[in-house]
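Chemist: Structure supplied as input28.csv; contents: CSV, C-alpha atoms and all ligand atoms.
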chain,number,residue,atom,x,y,z
A,1396,MET,CA,-33.2,66.6,-5.0
A,1397,SER,CA,-36.4,66.4,-7.2
A,1398,SER,CA,-38.3,63.4,-8.3
A,1399,PHE,CA,-37.0,63.7,-11.9
A,1400,SER,CA,-34.2,61.3,-12.6
A,1401,ALA,CA,-31.6,61.9,-15.4
A,1402,ALA,CA,-32.6,58.5,-16.8
A,1403,TRP,CA,-36.3,59.6,-17.1
A,1404,LEU,CA,-35.3,63.0,-18.7
A,1405,ALA,CA,-33.1,61.1,-21.2
A,1406,LEU,CA,-35.9,58.7,-22.1
A,1407,ARG,CA,-38.4,61.5,-22.7
A,1408,GLU,CA,-36.0,63.8,-24.6
A,1409,PRO,CA,-36.6,62.4,-28.1
A,1410,PHE,CA,-40.4,62.6,-27.6
A,1411,ASP,CA,-40.0,66.2,-26.3
A,1412,ILE,CA,-37.9,67.1,-29.4
A,1413,ALA,CA,-40.4,65.5,-31.8
A,1414,ALA,CA,-43.3,67.3,-30.0
A,1415,ARG,CA,-41.8,70.8,-29.9
A,1416,ASP,CA,-43.0,73.6,-32.2
A,1417,ASP,CA,-39.8,75.0,-33.7
A,1418,GLY,CA,-41.8,77.7,-35.4
A,1419,LEU,CA,-42.7,79.2,-32.0
A,1420,ALA,CA,-39.1,78.7,-30.8
A,1421,ASN,CA,-37.7,80.5,-33.9
A,1422,SER,CA,-40.1,83.5,-33.3
A,1423,PHE,CA,-38.9,83.6,-29.6
A,1424,LEU,CA,-35.2,83.4,-30.6
A,1425,ALA,CA,-35.7,86.2,-33.2
A,1426,GLN,CA,-37.4,88.4,-30.6
A,1427,VAL,CA,-34.5,87.8,-28.2
A,1428,ALA,CA,-31.8,88.4,-30.8
A,1429,GLN,CA,-33.5,91.7,-31.9
A,1430,GLY,CA,-34.3,92.9,-28.4
A,1431,ALA,CA,-32.4,95.7,-26.6
A,1432,GLN,CA,-31.5,93.5,-23.7
A,1433,THR,CA,-28.2,91.6,-23.8
A,1434,GLY,CA,-28.4,89.3,-20.7
A,1435,PRO,CA,-28.8,85.5,-20.8
A,1436,VAL,CA,-31.9,83.5,-21.8
A,1437,VAL,CA,-32.8,81.9,-18.5
A,1438,ASP,CA,-34.1,78.3,-18.5
A,1439,LEU,CA,-36.1,77.6,-15.3
A,1440,GLY,CA,-36.2,74.0,-14.1
A,1441,ALA,CA,-33.7,73.2,-16.8
A,1442,GLY,CA,-32.9,69.7,-15.6
A,1443,THR,CA,-30.1,68.1,-17.7
A,1444,GLY,CA,-30.3,70.7,-20.4
A,1445,SER,CA,-32.6,69.4,-23.1
A,1446,ASN,CA,-34.3,72.7,-23.7
A,1447,ILE,CA,-31.2,74.9,-23.9
A,1448,SER,CA,-29.5,72.3,-26.1
A,1449,ARG,CA,-32.4,72.4,-28.6
A,1450,LEU,CA,-32.8,76.2,-28.5
A,1451,GLY,CA,-29.1,76.7,-28.8
A,1452,ASN,CA,-29.0,74.5,-31.9
A,1453,LEU,CA,-31.9,76.5,-33.4
A,1454,ALA,CA,-30.3,79.8,-32.5
A,1455,ALA,CA,-27.0,78.7,-34.1
A,1456,LYS,CA,-28.9,77.8,-37.4
A,1457,LEU,CA,-30.4,81.3,-37.4
A,1458,GLY,CA,-27.1,82.9,-36.8
A,1459,HIS,CA,-28.1,84.3,-33.3
A,1460,GLN,CA,-25.3,84.6,-30.7
A,1461,LEU,CA,-27.2,84.1,-27.4
A,1462,SER,CA,-26.1,83.3,-23.9
A,1463,TRP,CA,-27.9,81.0,-21.5
A,1464,ARG,CA,-28.5,80.6,-17.8
A,1465,HIS,CA,-29.4,77.0,-16.8
A,1466,VAL,CA,-31.3,77.0,-13.4
A,1467,ASP,CA,-32.4,74.0,-11.4
A,1468,ASN,CA,-32.4,73.0,-7.7
A,1469,ASP,CA,-31.5,69.4,-8.3
A,1470,GLY,CA,-27.7,68.8,-7.8
A,1471,ASP,CA,-27.7,65.4,-9.5
A,1472,LEU,CA,-29.4,66.8,-12.7
A,1473,LEU,CA,-27.0,69.8,-12.6
A,1474,ALA,CA,-24.0,67.5,-12.5
A,1475,VAL,CA,-25.3,65.8,-15.7
A,1476,ALA,CA,-25.8,69.3,-17.3
A,1477,ARG,CA,-22.3,70.3,-16.3
A,1478,GLN,CA,-20.9,67.3,-18.3
A,1479,ARG,CA,-23.2,68.0,-21.2
A,1480,PHE,CA,-22.2,71.6,-21.6
A,1481,ASN,CA,-18.6,71.2,-20.5
A,1482,GLY,CA,-16.4,73.9,-22.1
A,1483,ASP,CA,-19.4,75.9,-23.5
A,1484,SER,CA,-18.7,79.5,-22.5
A,1485,SER,CA,-22.1,80.7,-23.7
A,1486,LEU,CA,-23.8,79.1,-20.7
A,1487,SER,CA,-23.8,79.4,-16.9
A,1488,ILE,CA,-25.3,76.8,-14.6
A,1489,GLU,CA,-26.9,77.8,-11.3
A,1490,GLN,CA,-28.4,75.8,-8.5
A,1491,LEU,CA,-31.4,77.8,-7.3
A,1492,ASP,CA,-34.8,76.9,-5.9
A,1493,ILE,CA,-37.2,79.0,-8.0
A,1494,THR,CA,-39.9,78.9,-5.3
A,1495,LEU,CA,-37.5,81.0,-3.2
A,1496,ALA,CA,-35.1,82.7,-5.5
A,1497,LEU,CA,-37.1,83.6,-8.7
A,1498,ASP,CA,-35.7,87.1,-8.7
A,1499,ALA,CA,-32.1,85.9,-8.4
A,1500,ALA,CA,-32.7,83.4,-11.2
A,1501,LEU,CA,-34.0,86.1,-13.5
A,1502,GLN,CA,-31.5,88.8,-12.5
A,1503,GLY,CA,-30.3,90.6,-15.7
A,1504,ALA,CA,-32.2,88.2,-18.0
A,1505,SER,CA,-33.1,89.1,-21.6
A,1506,ALA,CA,-35.8,86.3,-21.9
A,1507,VAL,CA,-37.2,83.3,-20.1
A,1508,THR,CA,-37.9,79.8,-21.2
A,1509,CYS,CA,-38.9,76.6,-19.5
A,1510,ALA,CA,-39.9,73.1,-20.6
A,1511,ALA,CA,-42.0,70.5,-18.7
A,1512,LEU,CA,-42.2,72.8,-15.7
A,1513,LEU,CA,-45.5,74.7,-15.6
A,1514,ASP,CA,-47.7,71.8,-14.7
A,1515,LEU,CA,-45.8,71.6,-11.3
A,1516,VAL,CA,-46.5,75.3,-10.3
A,1517,SER,CA,-49.2,77.1,-8.4
A,1518,ALA,CA,-51.4,80.0,-9.3
A,1519,ALA,CA,-49.5,82.2,-6.9
A,1520,TRP,CA,-46.1,81.4,-8.6
A,1521,ILE,CA,-47.7,81.9,-12.0
A,1522,ASN,CA,-48.7,85.4,-10.9
A,1523,GLN,CA,-45.2,86.1,-9.5
A,1524,LEU,CA,-43.6,85.0,-12.8
A,1525,ALA,CA,-46.1,87.0,-14.9
A,1526,ASP,CA,-45.3,90.1,-12.7
A,1527,ARG,CA,-41.6,89.7,-13.2
A,1528,LEU,CA,-41.9,89.1,-17.0
A,1529,ALA,CA,-44.1,92.2,-17.3
A,1530,SER,CA,-41.9,94.5,-15.3
A,1531,GLY,CA,-38.9,93.5,-17.4
A,1532,ARG,CA,-40.8,93.1,-20.7
A,1533,LEU,CA,-39.1,89.7,-21.0
A,1534,PRO,CA,-40.2,87.3,-23.8
A,1535,LEU,CA,-41.3,83.9,-22.6
A,1536,LEU,CA,-41.2,80.5,-24.3
A,1537,ALA,CA,-42.9,77.8,-22.1
A,1538,LEU,CA,-42.8,74.4,-23.7
A,1539,LEU,CA,-44.3,71.0,-23.1
A,1540,SER,CA,-46.8,71.7,-20.4
A,1541,TYR,CA,-49.0,68.7,-20.0
A,1542,ASP,CA,-52.6,69.7,-20.7
A,1543,GLY,CA,-54.7,66.8,-19.4
A,1544,ARG,CA,-55.2,64.9,-22.7
A,1545,MET,CA,-54.1,61.3,-22.8
A,1546,GLN,CA,-55.3,58.9,-25.5
A,1547,TRP,CA,-54.4,55.2,-25.6
A,1548,SER,CA,-55.0,53.5,-28.9
A,1549,LEU,CA,-57.0,50.8,-27.1
A,1550,ALA,CA,-59.5,52.0,-24.6
A,1551,ASP,CA,-59.7,50.5,-21.1
A,1552,ALA,CA,-62.7,50.4,-18.8
A,1553,SER,CA,-60.7,52.0,-16.1
A,1554,ASP,CA,-59.1,54.8,-18.1
A,1555,ALA,CA,-61.3,57.4,-16.5
A,1556,VAL,CA,-60.5,56.1,-12.9
A,1557,LEU,CA,-56.8,56.3,-13.8
A,1558,ALA,CA,-57.1,59.8,-15.2
A,1559,GLN,CA,-59.1,61.1,-12.3
A,1560,ALA,CA,-56.7,59.9,-9.7
A,1561,PHE,CA,-53.6,61.0,-11.8
A,1562,HIS,CA,-55.0,64.5,-12.2
A,1563,ARG,CA,-55.8,64.6,-8.5
A,1564,ASP,CA,-52.2,63.9,-7.8
A,1565,MET,CA,-51.1,66.5,-10.3
A,1566,LEU,CA,-52.9,69.2,-8.3
A,1567,SER,CA,-51.0,68.4,-5.1
A,1568,ASP,CA,-48.1,70.6,-3.9
A,1569,LYS,CA,-45.0,70.0,-5.9
A,1570,GLY,CA,-43.1,72.6,-3.9
A,1571,PHE,CA,-44.8,75.7,-5.3
A,1572,GLY,CA,-48.1,75.5,-3.4
A,1573,PRO,CA,-51.2,73.7,-4.8
A,1574,ALA,CA,-50.2,72.8,-8.4
A,1575,LEU,CA,-52.3,74.0,-11.4
A,1576,GLY,CA,-51.4,70.8,-13.3
A,1577,PRO,CA,-53.1,70.6,-16.7
A,1578,ASP,CA,-54.5,74.2,-16.4
A,1579,ALA,CA,-51.1,75.9,-15.8
A,1580,ALA,CA,-50.2,76.9,-19.4
A,1581,PHE,CA,-53.7,78.4,-19.9
A,1582,ALA,CA,-53.4,80.3,-16.5
A,1583,LEU,CA,-50.0,81.7,-17.5
A,1584,LYS,CA,-51.4,82.8,-20.9
A,1585,ALA,CA,-54.2,84.6,-19.2
A,1586,ALA,CA,-52.0,86.2,-16.5
A,1587,LEU,CA,-49.6,87.5,-19.2
A,1588,GLY,CA,-52.5,88.7,-21.4
A,1589,GLU,CA,-53.9,90.7,-18.4
A,1590,ARG,CA,-50.5,92.4,-18.1
A,1591,GLY,CA,-50.4,93.4,-21.8
A,1592,ALA,CA,-48.4,90.6,-23.4
A,1593,ILE,CA,-49.1,89.2,-26.9
A,1594,THR,CA,-49.6,85.4,-26.4
A,1595,GLN,CA,-49.8,82.4,-28.6
A,1596,LEU,CA,-50.6,78.9,-27.4
A,1597,ARG,CA,-50.1,75.8,-29.6
A,1598,ASP,CA,-50.9,72.1,-29.1
A,1599,SER,CA,-48.0,69.7,-29.1
A,1600,TYR,CA,-48.0,66.0,-28.7
A,1601,TRP,CA,-45.9,63.1,-27.4
A,1602,ARG,CA,-46.7,60.3,-30.0
A,1603,ILE,CA,-45.5,57.1,-28.3
A,1604,ALA,CA,-45.6,54.3,-30.8
A,1605,ALA,CA,-46.3,50.7,-29.9
A,1606,SER,CA,-42.7,49.9,-30.7
A,1607,ASP,CA,-41.5,52.5,-28.0
A,1608,SER,CA,-41.9,49.9,-25.3
A,1609,ALA,CA,-39.4,51.5,-22.8
A,1610,MET,CA,-41.2,54.8,-22.9
A,1611,LEU,CA,-44.7,53.1,-22.7
A,1612,THR,CA,-43.5,51.0,-19.8
A,1613,ALA,CA,-42.1,54.1,-18.0
A,1614,MET,CA,-45.4,55.9,-18.6
A,1615,ASN,CA,-47.4,53.0,-17.3
A,1616,ALA,CA,-45.3,52.9,-14.1
A,1617,SER,CA,-45.3,56.7,-13.5
A,1618,LEU,CA,-49.0,57.2,-14.3
A,1619,SER,CA,-50.1,54.3,-12.1
A,1620,ALA,CA,-47.8,55.2,-9.2
A,1621,ALA,CA,-49.0,58.9,-9.2
A,1622,ALA,CA,-52.6,57.8,-9.6
A,1623,PHE,CA,-52.2,55.2,-6.8
A,1624,SER,CA,-50.8,57.8,-4.4
A,1625,ALA,CA,-53.9,59.9,-4.8
A,1626,ALA,CA,-56.4,57.1,-5.1
A,1627,ILE,CA,-59.4,56.8,-2.8
A,1628,GLY,CA,-60.9,53.4,-1.7
A,1629,PRO,CA,-61.8,51.1,-4.7
A,1630,GLU,CA,-59.8,53.2,-7.1
A,1631,ARG,CA,-56.7,51.4,-5.8
A,1632,SER,CA,-57.6,48.0,-7.1
A,1633,ALA,CA,-58.9,49.4,-10.3
A,1634,ILE,CA,-55.6,51.2,-10.9
A,1635,ALA,CA,-53.5,48.1,-10.1
A,1636,ALA,CA,-55.6,46.1,-12.6
A,1637,TRP,CA,-55.5,48.8,-15.2
A,1638,SER,CA,-51.7,48.9,-14.9
A,1639,ALA,CA,-51.4,45.1,-15.3
A,1640,ARG,CA,-53.6,45.2,-18.4
A,1641,ARG,CA,-51.5,48.0,-19.9
A,1642,ALA,CA,-48.3,46.2,-19.1
A,1643,HIS,CA,-49.6,43.1,-21.0
A,1644,GLN,CA,-50.6,45.2,-24.0
A,1645,ILE,CA,-47.3,47.0,-24.1
A,1646,ALA,CA,-45.3,43.8,-23.9
A,1647,ALA,CA,-47.4,42.5,-26.8
A,1648,GLY,CA,-46.8,45.6,-28.9
A,1649,GLU,CA,-50.5,46.2,-29.1
A,1650,VAL,CA,-50.9,49.7,-27.8
A,1651,SER,CA,-49.7,53.3,-28.4
A,1652,LEU,CA,-50.2,56.5,-26.5
A,1653,VAL,CA,-50.7,60.2,-27.4
A,1654,VAL,CA,-50.2,62.8,-24.7
A,1655,GLY,CA,-51.3,66.4,-25.1
A,1656,HIS,CA,-49.1,69.4,-24.2
A,1657,GLN,CA,-49.3,73.2,-24.6
A,1658,GLU,CA,-46.5,75.5,-25.9
A,1659,LEU,CA,-46.8,79.2,-24.9
A,1660,LEU,CA,-45.0,82.1,-26.5
A,1661,ALA,CA,-45.4,85.6,-25.0
A,1662,THR,CA,-43.9,88.8,-26.3
A,1663,TRP,CA,-44.5,92.5,-25.5
A,1664,PRO,CA,-45.8,95.1,-27.9
B,1,LIG,C1,-40.0,67.5,-15.8
B,1,LIG,S1,-38.4,68.1,-15.3
B,1,LIG,C2,-38.1,69.0,-16.8
B,1,LIG,C3,-36.6,69.2,-17.0
B,1,LIG,C4,-36.2,70.0,-18.3
B,1,LIG,N1,-36.8,71.3,-18.4
B,1,LIG,C5,-36.5,69.1,-19.5
B,1,LIG,O1,-37.3,69.6,-20.3
B,1,LIG,O2,-35.9,68.1,-19.7
B,1,LIG,C6,-38.8,69.4,-14.2
B,1,LIG,C7,-37.6,70.1,-13.7
B,1,LIG,O3,-38.0,71.2,-12.8
B,1,LIG,C8,-37.0,71.2,-11.7
B,1,LIG,N2,-37.6,71.8,-10.6
B,1,LIG,C9,-38.7,71.4,-9.9
B,1,LIG,N3,-38.9,72.2,-8.8
B,1,LIG,C10,-37.9,73.1,-8.8
B,1,LIG,C11,-37.6,74.2,-8.0
B,1,LIG,N4,-38.3,74.5,-6.9
B,1,LIG,N5,-36.5,75.0,-8.3
B,1,LIG,C12,-35.8,74.7,-9.4
B,1,LIG,N6,-36.0,73.7,-10.3
B,1,LIG,C13,-37.1,72.9,-10.0
B,1,LIG,C14,-36.7,69.7,-11.5
B,1,LIG,O4,-35.5,69.5,-10.8
B,1,LIG,C15,-36.6,69.2,-12.9
B,1,LIG,O5,-35.4,69.3,-13.5
Can you give me the file's structure in the form of structure tokens?
Ligand SMILES: C[S@@+](CC[C@H](N)C(=O)[O-])C[C@H]1O[C@@H](n2cnc3c(N)ncnc32)[C@H](O)[C@@H]1O
Modeler:
Amino acid sequence: MSSFSAAWLALREPFDIAARDDGLANSFLAQVAQGAQTGPVVDLGAGTGSNISRLGNLAAKLGHQLSWRHVDNDGDLLAVARQRFNGDSSLSIEQLDITLALDAALQGASAVTCAALLDLVSAAWINQLADRLASGRLPLLALLSYDGRMQWSLADASDAVLAQAFHRDMLSDKGFGPALGPDAAFALKAALGERGAITQLRDSYWRIAASDSAMLTAMNASLSAAAFSAAIGPERSAIAAWSARRAHQIAAGEVSLVVGHQELLATWP
């Protein structure tokens, strides 16, 4: 089990799709289709299948026939994915813990993708992934890595307290060792560059409008819970008050939120 519910992944999926850079994805898919390797594109931490679903649609539009391996360690999310992709013979679904079985997950792969995964991982795991990508010369498309930028349309006096405690929580161990959080996409870009890859990094944004009250409410709850769990001393009361003010603004339709992400494409010369 992970802490990512299918309901949360469904709520965020339209914002993920709107944020994604299909230009980078199309370059990735073209590389894979033209490559010599014929194995599946492996989606690490694939959840309920949002990333494969989107990439599969883009590949079909481009006329690429690709196969996919959907990897996650959460049985509940995999059950939802099995329903989603029921009858799709281009795809296999595998329950693997990628902290323990990265080599098995990547066995025979032609390329690797992930979405909303990198901010959970450690520097050691980034290096392990970079080594594996370099040795197989596997293209990578890593989407939707949170990069530390969060801008509410109305500023609050405790925004900095919230952000500091939230980012402290992000750096805690999410199963991969101490997490890199907002630095992860930049660290993977550097690690792949050192190994000879050609890398491109792009900004992408969740743009959560004042009318998207369910998403704003979920963001308020998850940000304040994560920040609270890492809060020190007086930060706790500041975070509780911050969350109450944000809830009031969200209910009144007064506030919107932009969240920054990074998208990374890596290919091999
Ligand atoms: C934020 S969710 C993103 C899910 C999906 N990629 C998407 O974009 O909707 C992070 C995913 O990483 C998976 N995950 C976390 N730790 C993992 C591990 N050690 N092995 C495999 N999957 C893991 C979670 O189960 C979850 O599905």
Chemist: Rank nothing, just name the residue among A:Asp1526, A:Asp1578, A:Glu1589, A:Glu1649 nearest to Leu1549 of chain A, using only C-alpha atoms.
Modeler: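 Once distances to Leu1549 of chain A are computed over only C-alpha atoms, the minimum belongs to A:Glu1649.
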Chemist: Rank A:Ser1632, A:Gln1644, A:Ser1540, A:Gln1546 by their smallest atom-to-atom distance to ligand LIG 1 (chain B), using all atoms listed in the file, and report the top residue only.
Modeler: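 Looking only at the distances to ligand LIG 1 (chain B), the closest residue turns out to be A:Ser1540.
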Chemist: Could you check the closest approach to His1643 of chain A for each of A:Ser1567, A:Gly1503, A:Leu1659, A:Leu1611 and tell me which residue wins, using all atoms listed in the file?
Modeler: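 When distances to His1643 of chain A are compared using all atoms listed in the file, the smallest one comes from A:Leu1611.
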Chemist: If I take atom CA of Pro1573 of chain A and atom CA of Ser1517 of chain A, how far is one from the other in Å, to one decimal?
Modeler: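 If I compute the distance from atom CA of Pro1573 of chain A to atom CA of Ser1517 of chain A, I get 5.3 Å.
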Chemist: Show which residues sit within 9 Å of Asp1551 of chain A, as a PyMOL selection string. Count all atoms listed in the file, and ignore same-chain residues fewer than 3 positions away.
Modeler: chain A and resi 1547+1554-1555+1637+1640-1641
Chemist: Can I get the residues close to ligand LIG 1 (chain B) as a PyMOL selection string, where close means within 8 Å and we count only C-alpha atoms and all ligand atoms?
Modeler: chain A and resi 1396-1399+1404-1405+1407-1408+1411+1438-1446+1466-1469+1472+1490-1495+1509-1512+1515+1539+1569-1571
Chemist: May I have the protein, DNA and RNA residues with an atom at most 12 Å from (-52.0, 52.3, -21.1), counting all atoms listed in the file in the file's coordinates, returned as a compact mmCIF listing (two decimals) with C-alpha atoms, keeping the file's coordinate frame?
Modeler:
# COMPACT_ATOMS: atom_id res chain seq x y z
CA MET A 1545 -54.10 61.30 -22.80
CA GLN A 1546 -55.30 58.90 -25.50
CA TRP A 1547 -54.40 55.20 -25.60
CA SER A 1548 -55.00 53.50 -28.90
CA LEU A 1549 -57.00 50.80 -27.10
CA ALA A 1550 -59.50 52.00 -24.60
CA ASP A 1551 -59.70 50.50 -21.10
CA ALA A 1552 -62.70 50.40 -18.80
CA SER A 1553 -60.70 52.00 -16.10
CA ASP A 1554 -59.10 54.80 -18.10
CA ALA A 1555 -61.30 57.40 -16.50
CA LEU A 1557 -56.80 56.30 -13.80
CA ALA A 1558 -57.10 59.80 -15.20
CA ILE A 1603 -45.50 57.10 -28.30
CA ALA A 1604 -45.60 54.30 -30.80
CA ALA A 1605 -46.30 50.70 -29.90
CA SER A 1608 -41.90 49.90 -25.30
CA MET A 1610 -41.20 54.80 -22.90
CA LEU A 1611 -44.70 53.10 -22.70
CA THR A 1612 -43.50 51.00 -19.80
CA ALA A 1613 -42.10 54.10 -18.00
CA MET A 1614 -45.40 55.90 -18.60
CA ASN A 1615 -47.40 53.00 -17.30
CA ALA A 1616 -45.30 52.90 -14.10
CA SER A 1617 -45.30 56.70 -13.50
CA LEU A 1618 -49.00 57.20 -14.30
CA SER A 1619 -50.10 54.30 -12.10
CA ILE A 1634 -55.60 51.20 -10.90
CA ALA A 1635 -53.50 48.10 -10.10
CA ALA A 1636 -55.60 46.10 -12.60
CA TRP A 1637 -55.50 48.80 -15.20
CA SER A 1638 -51.70 48.90 -14.90
CA ALA A 1639 -51.40 45.10 -15.30
CA ARG A 1640 -53.60 45.20 -18.40
CA ARG A 1641 -51.50 48.00 -19.90
CA ALA A 1642 -48.30 46.20 -19.10
CA HIS A 1643 -49.60 43.10 -21.00
CA GLN A 1644 -50.60 45.20 -24.00
CA ILE A 1645 -47.30 47.00 -24.10
CA ALA A 1646 -45.30 43.80 -23.90
CA GLY A 1648 -46.80 45.60 -28.90
CA GLU A 1649 -50.50 46.20 -29.10
CA VAL A 1650 -50.90 49.70 -27.80
CA SER A 1651 -49.70 53.30 -28.40
CA LEU A 1652 -50.20 56.50 -26.50
CA VAL A 1653 -50.70 60.20 -27.40
CA VAL A 1654 -50.20 62.80 -24.70
